[in-house]
$ cat query.txt   # compact mmCIF, C-alpha atoms (C1' of nucleotides)
# COMPACT_ATOMS: atom_id res chain seq x y z
CA MET A 1 -15.42 -26.55 90.40
CA ASN A 2 -14.17 -23.76 92.58
CA PHE A 3 -11.37 -23.68 95.10
CA TRP A 4 -11.22 -22.03 98.50
CA LEU A 5 -9.14 -21.60 101.59
CA VAL A 6 -10.44 -21.33 105.14
CA LYS A 7 -8.49 -20.24 108.17
CA GLN A 8 -8.88 -21.40 111.68
CA GLU A 9 -6.82 -21.09 114.81
CA PRO A 10 -5.90 -24.63 115.84
CA SER A 11 -6.57 -23.73 119.46
CA ALA A 12 -10.19 -23.10 118.44
CA TYR A 13 -10.68 -25.95 115.95
CA SER A 14 -7.75 -27.85 114.56
CA TRP A 15 -7.34 -29.95 111.44
CA GLU A 16 -6.71 -32.93 113.71
CA GLN A 17 -10.06 -32.37 115.42
CA PHE A 18 -11.69 -31.95 112.02
CA VAL A 19 -10.29 -35.31 110.88
CA GLN A 20 -11.34 -36.96 114.12
CA ASP A 21 -14.85 -35.54 113.71
CA LYS A 22 -14.92 -36.70 110.07
CA GLY A 23 -16.35 -33.28 109.20
CA THR A 24 -18.07 -30.27 110.64
CA TYR A 25 -20.27 -27.32 109.81
CA TRP A 26 -18.19 -24.20 109.34
CA ASN A 27 -19.83 -21.90 111.85
CA GLY A 28 -18.93 -18.62 113.46
CA VAL A 29 -18.14 -16.55 110.38
CA ARG A 30 -19.19 -12.97 111.16
CA ASN A 31 -17.71 -11.05 108.30
CA TYR A 32 -19.69 -10.14 105.21
CA GLN A 33 -17.00 -10.88 102.67
CA ALA A 34 -16.28 -14.25 104.25
CA ARG A 35 -20.00 -14.98 104.35
CA ASN A 36 -20.38 -14.17 100.68
CA ASN A 37 -17.61 -16.62 99.94
CA LEU A 38 -19.33 -19.31 102.00
CA GLN A 39 -22.54 -18.68 100.07
CA ALA A 40 -20.72 -19.11 96.78
CA MET A 41 -19.39 -22.57 97.68
CA LYS A 42 -20.89 -25.48 95.76
CA LYS A 43 -21.11 -29.09 96.78
CA GLY A 44 -17.91 -30.83 95.72
CA ASP A 45 -15.74 -27.70 95.82
CA LEU A 46 -12.35 -28.21 97.42
CA VAL A 47 -11.20 -26.16 100.39
CA LEU A 48 -7.73 -25.89 101.87
CA PHE A 49 -7.60 -25.83 105.66
CA TYR A 50 -5.09 -23.33 107.08
CA HIS A 51 -3.94 -23.03 110.68
CA SER A 52 -3.60 -19.37 111.62
CA VAL A 53 -1.57 -17.93 114.52
CA VAL A 54 -0.21 -21.31 115.64
CA GLY A 55 1.60 -23.19 112.90
CA LYS A 56 0.62 -20.83 110.10
CA GLU A 57 0.46 -23.67 107.61
CA ILE A 58 -1.93 -25.44 105.29
CA MET A 59 -2.87 -28.81 106.75
CA GLY A 60 -4.91 -30.48 104.06
CA ILE A 61 -7.87 -30.59 101.73
CA ALA A 62 -11.53 -30.53 102.71
CA LYS A 63 -14.58 -30.97 100.52
CA VAL A 64 -17.89 -29.13 100.59
CA THR A 65 -20.62 -31.68 101.37
CA ARG A 66 -23.52 -29.27 101.88
CA GLU A 67 -24.02 -25.81 100.44
CA SER A 68 -24.74 -22.79 102.62
CA TYR A 69 -27.61 -22.78 105.11
CA PRO A 70 -28.37 -20.54 108.13
CA ASP A 71 -25.79 -20.65 110.92
CA PRO A 72 -27.53 -22.28 113.89
CA THR A 73 -25.07 -20.58 116.25
CA ALA A 74 -26.01 -17.06 115.09
CA GLU A 75 -28.36 -15.30 117.46
CA GLU A 76 -29.14 -12.61 114.96
CA GLY A 77 -28.24 -11.65 111.44
CA ASN A 78 -28.12 -13.41 108.14
CA TRP A 79 -25.11 -15.67 108.70
CA VAL A 80 -24.52 -18.99 107.05
CA VAL A 81 -22.48 -22.18 107.36
CA VAL A 82 -21.44 -24.93 104.96
CA ASP A 83 -20.68 -28.55 105.76
CA LEU A 84 -17.11 -29.68 105.19
CA LYS A 85 -15.46 -33.06 105.47
CA PRO A 86 -11.78 -33.99 105.32
CA ALA A 87 -10.69 -35.12 101.86
CA LYS A 88 -6.94 -35.59 102.17
CA ALA A 89 -4.23 -34.52 104.56
CA PHE A 90 -1.20 -32.88 103.03
CA ASN A 91 1.83 -35.16 103.01
CA LYS A 92 3.83 -32.06 103.78
CA THR A 93 2.23 -29.01 105.34
CA VAL A 94 2.77 -25.75 103.47
CA THR A 95 3.82 -22.84 105.63
CA LEU A 96 2.96 -19.20 105.21
CA GLU A 97 6.66 -18.50 104.74
CA GLU A 98 6.86 -20.90 101.80
CA ILE A 99 3.77 -19.31 100.28
CA LYS A 100 5.28 -15.85 100.66
CA ASN A 101 8.50 -17.03 99.06
CA ASN A 102 6.73 -18.36 95.98
CA SER A 103 6.47 -15.60 93.41
CA LYS A 104 3.59 -17.41 91.69
CA LEU A 105 1.54 -16.96 94.84
CA LYS A 106 2.23 -13.29 95.46
CA ASP A 107 -1.38 -12.33 94.69
CA ILE A 108 -2.97 -14.96 96.90
CA ALA A 109 -5.69 -13.57 99.16
CA LEU A 110 -4.06 -15.21 102.16
CA ILE A 111 -1.23 -12.68 101.88
CA LYS A 112 -3.08 -9.73 100.37
CA GLN A 113 -5.99 -9.84 102.76
CA SER A 114 -4.56 -11.36 105.85
CA ARG A 115 -7.65 -10.86 107.97
CA LEU A 116 -10.13 -12.60 105.70
CA SER A 117 -11.04 -16.07 107.00
CA VAL A 118 -12.80 -17.56 103.96
CA MET A 119 -11.31 -16.77 100.56
CA PRO A 120 -11.37 -18.00 96.98
CA LEU A 121 -8.30 -19.54 95.35
CA LYS A 122 -7.55 -19.59 91.66
CA ALA A 123 -7.26 -23.07 90.15
CA THR A 124 -3.61 -22.38 89.39
CA GLU A 125 -2.95 -21.33 92.98
CA PHE A 126 -4.70 -24.44 94.26
CA LYS A 127 -2.59 -26.69 92.03
CA ILE A 128 0.64 -25.02 93.07
CA LEU A 129 -0.27 -25.45 96.73
CA LEU A 130 -1.02 -29.14 96.18
CA GLN A 131 2.40 -29.54 94.58
CA MET A 132 4.05 -27.73 97.46
CA GLY A 133 2.16 -30.03 99.82
CA ASP A 134 3.46 -33.05 97.89
CA THR A 135 -0.13 -34.20 97.67
CA PRO A 136 -1.63 -35.35 94.39
CA TYR A 137 -5.40 -35.32 94.37
CA SER A 138 -7.44 -37.07 91.74
CA GLY A 139 -9.93 -34.98 89.87
CA VAL A 140 -7.98 -31.72 90.08
C1' DG B 1 -22.96 10.38 104.85
C1' DC B 2 -18.59 11.37 107.01
C1' DC B 3 -15.13 10.23 110.06
C1' DA B 4 -13.02 9.49 114.63
C1' DA B 5 -12.81 6.06 118.01
C1' DC B 6 -12.65 1.58 119.03
C1' DG B 7 -12.34 -3.54 118.57
C1' DT B 8 -10.50 -7.64 116.29
C1' DT B 9 -7.41 -10.36 113.59
C1' DG B 10 -3.21 -12.23 112.84
C1' DG B 11 1.75 -11.75 111.58
C1' DC B 12 5.98 -10.65 113.63
C1' DG C 1 3.41 -7.96 123.52
C1' DC C 2 3.22 -4.88 119.71
C1' DC C 3 1.23 -3.01 115.85
C1' DA C 4 -0.71 -2.69 111.05
C1' DA C 5 -4.78 -3.51 108.62
C1' DC C 6 -9.32 -3.20 108.45
C1' DG C 7 -14.17 -3.72 109.92
C1' DT C 8 -17.77 -1.67 112.91
C1' DT C 9 -19.98 1.75 115.68
C1' DG C 10 -21.84 6.02 116.87
C1' DG C 11 -21.81 11.11 117.16
C1' DC C 12 -22.52 14.91 114.37

$ encode --input "query.txt" --output "structure tokens"
Amino acid sequence: MNFWLVKQEPSAYSWEQFVQDKGTYWNGVRNYQARNNLQAMKKGDLVLFYHSVVGKEIMGIAKVTRESYPDPTAEEGNWVVVDLKPAKAFNKTVTLEEIKNNSKLKDIALIKQSRLSVMPLKATEFKILLQMGDTPYSGV
DNA sequence: GCCAACGTTGGC
DNA sequence: GCCAACGTTGGC
């Protein structure tokens, strides 16, 4: 299993909306590196949902329910989406500041490549973030 | 193919 | 609101 993190501005599509919708297709990615990451996601992979700009915190865990397929909102180009559904909300959201202050997370893509919106996480990073979120998750 | 100009993202 | 980082575009 692989682990990922996706960013979204809550004013565009929030975690709360995601939970209310019981899932969504992750559309609108228009960056090649982010697209490649979407294409590498496998069904069952776990994805952390981060609120950028407003909040700047990880809200919870999502799960990949369908692997990449063409983005129906793309008018041109080879863009893809995956289907995600909420798996578990963090008991305690994890802020960017906390992540920056954790020396074990200094190499996390969220900090190193602040503009990337879909990024891989190492298993160790994922586990640390779950601990920081006070959120045990079976099967990890 | 290089690189300057420009646009976008996102933290501060 | 500013600006750094970085991706994209277009002239040469």

$ atom_distance --input "query.txt" --atom1 "atom CA of A:Tyr137" --atom2 "atom CA of A:Ile58"
15.1 Å

$ atom_distance --input "query.txt" --atom1 "atom CA of A:Glu67" --atom2 "atom CA of A:Lys42"
5.6 Å

$ closest_atom_pairs --input "query.txt" --of "chain C" --to "chain A" --cutoff "10 Å" --atoms "all atoms listed in the file" --output "CSV"
residue,atom,partner,partner_atom,distance
C:DA5,C1',A:Arg115,CA,7.9
C:DC6,C1',A:Arg115,CA,7.9
C:DG7,C1',A:Asn31,CA,8.3

$ atom_distance --input "query.txt" --atom1 "atom CA of A:Gln8" --atom2 "atom CA of A:Phe49"
7.6 Å

$ closest_residue --input "query.txt" --among "A:Thr73, A:Ser11, A:Asn27, A:Asn2" --to "A:Gly44" --atoms "only C-alpha atoms"
A:Asn2

$ residues_around --input "query.txt" --residues "stretch 17-21 of chain A" --least-positions-apart "6" --cutoff "12 Å" --atoms "only C-alpha atoms (C1' of nucleotides)" --output "list in words"
Gln8, Glu9, Pro10, Ser11, Phe49, Tyr50, His51, Met59, Gly60, Ile61, Ala62, Lys63, Asp83, Leu84, Lys85, Pro86, Ala87, Lys88 and Ala89 of chain A

$ axis_aligned_box --input "query.txt" --around "chain C" --padding-each-side "8 Å" --output "lines of an AutoDock Vina configuration file"
center_x = -9.6
center_y = 3.5
center_z = 116.0
size_x = 41.9
size_y = 38.9
size_z = 31.1

$ residues_around --input "query.txt" --residues "B:DA4" --least-positions-apart "3" --cutoff "12 Å" --atoms "all atoms listed in the file" --output "list of chain:residue names"
C:DT9, C:DG10, C:DG11, C:DC12

$ residues_around --input "query.txt" --residues "A:Leu130" --least-positions-apart "3" --cutoff "10 Å" --atoms "all atoms listed in the file" --output "PyMOL selection string"
chain A and resi 48+58+60-61+90-94+124-127+133-137+140
